[in-house]
Amino acid sequence: MKKITVGIIGAGRIGKLHVDNLKLIPEITIKAVSDVVVDHLQQWAADKGIPTLTTNYQDLLADPEIDAVFICSPTTTHAQIIKEAARAKKHIFCEKPVSFSVEETIEALHTVKEEGVKLQVGFNRRFDPNFKKVRNLVQQGEVGQPHILKITSRDPQPPSIEYVQTSGGLFMDMMIHDFDMARYVMNSEVVEVSAHGTTLINPAIAEAGDVDTAIVTLKFANGALGVIDNSRQAVYGYDQRVEVFGAKGSATADNCRPTTVEVSTAEGVVKDKPLYFFLERYTQAYIEEVSQFAQSLLEDQSVVCSGNDGLQAERIAKAAKESFETGRPVKIEHTELVEDKVILN
């Protein structure tokens, strides 16, 4: 492929972000955007040079000029649209998670495999240069055999209760990024999960059946251990840190800040707070993930974050929720989905 024509399904915050980033890639043309309501998008589409708006995403799948679609609609629609897009021979970029059901995800990935199209899942943190360097250092043996992984991921403020009610819960919606990061950095599957959660920020979150504060411990197939802590409210900003400790040392990725200036006086030592939220923190990662997807299509390469990666993160999230609800560790049987087959135990 020398040029790629793209359609965007879902024009909320993340769909509009992908439009902006795709417009940075000369080989990509955005032909159409679909959303359940488009009247408010008319001026935006005109400003972005997008010729077609529609309330029916199937219009994009039926368009022979569109090579690939970005699925940025609600999670409950992802699996069905993936199957329809694959049957229409469209390559697919799908926001995380693929679905709230491991079984639905496997069915969707089977269809992708059968139709021979590419699917990339939107775990943008893999493309963050800091986290990527930690992974590379681990893979190069710089820290020796990995012993402990620590991930901290805390939002600056909770989402709306309306969002919480449809999000799939903290483990599937928020911590799923960290489950993917754990597999990515350690290059090893998770074989056991223990989860604890509580509501300390907003009682309405508990009333909605979710938690706002959680800690999960992981056991990896390579023998290493991991711990992830999540909070829906860090009053000082978006707290995103990763550390891998091993036999020869450790590698740590700290928070990104507006500047690296540190002021030391008799009163204390002061530096900037972390960048406020994910749009600022992961600007470059979002650009890089769509650039890598485009490259995989232009050069017929494998995608960086595959359907299998989406599946395995969902399985860890499901196990975490089960552990939280039962108060017991949950083992995860090894499963693998590769380009040409699915192996399930």
# chains A, B, ... in the order shown; residues from 1 in each chain; ligands from 1
call {"tool": "residues_around", "arguments": {"residues": "Gly15 (chain A)", "least_positions_apart": "3", "cutoff": "12 Å", "atoms": "only C-alpha atoms", "output": "JSON, numbers by chain"}}
result
{"A": [7, 8, 9, 10, 11, 12, 18, 19, 20, 21, 22, 30, 32, 33, 34, 35, 41, 69, 70, 71, 72, 73, 74, 93, 94, 95, 122, 286, 290]}
call {"tool": "residues_around", "arguments": {"residues": "Ile4 (chain A)", "least_positions_apart": "2", "cutoff": "8 Å", "atoms": "only C-alpha atoms", "output": "VMD selection string"}}
result
chain A and resid 1 to 2 6 27 to 29 66 to 68 294 297 to 298
call {"tool": "select_by_dssp", "arguments": {"residues": "region 188-334 of chain A", "states": "strand (DSSP E)", "output": "ChimeraX atom specification"}}
result
/A:190-198,213-220,225-231,239-246,249-253,262-265,268-271,330-331
call {"tool": "residues_around", "arguments": {"residues": "Val121 (chain A)", "least_positions_apart": "6", "cutoff": "8 Å", "atoms": "only C-alpha atoms", "output": "PyMOL selection string"}}
result
chain A and resi 93-98+305-307+309-310
call {"tool": "select_by_dssp", "arguments": {"residues": "region 214-304 of chain A", "states": "helix (DSSP H, G or I)", "output": "PyMOL selection string"}}
result
chain A and resi 278-281+283-298
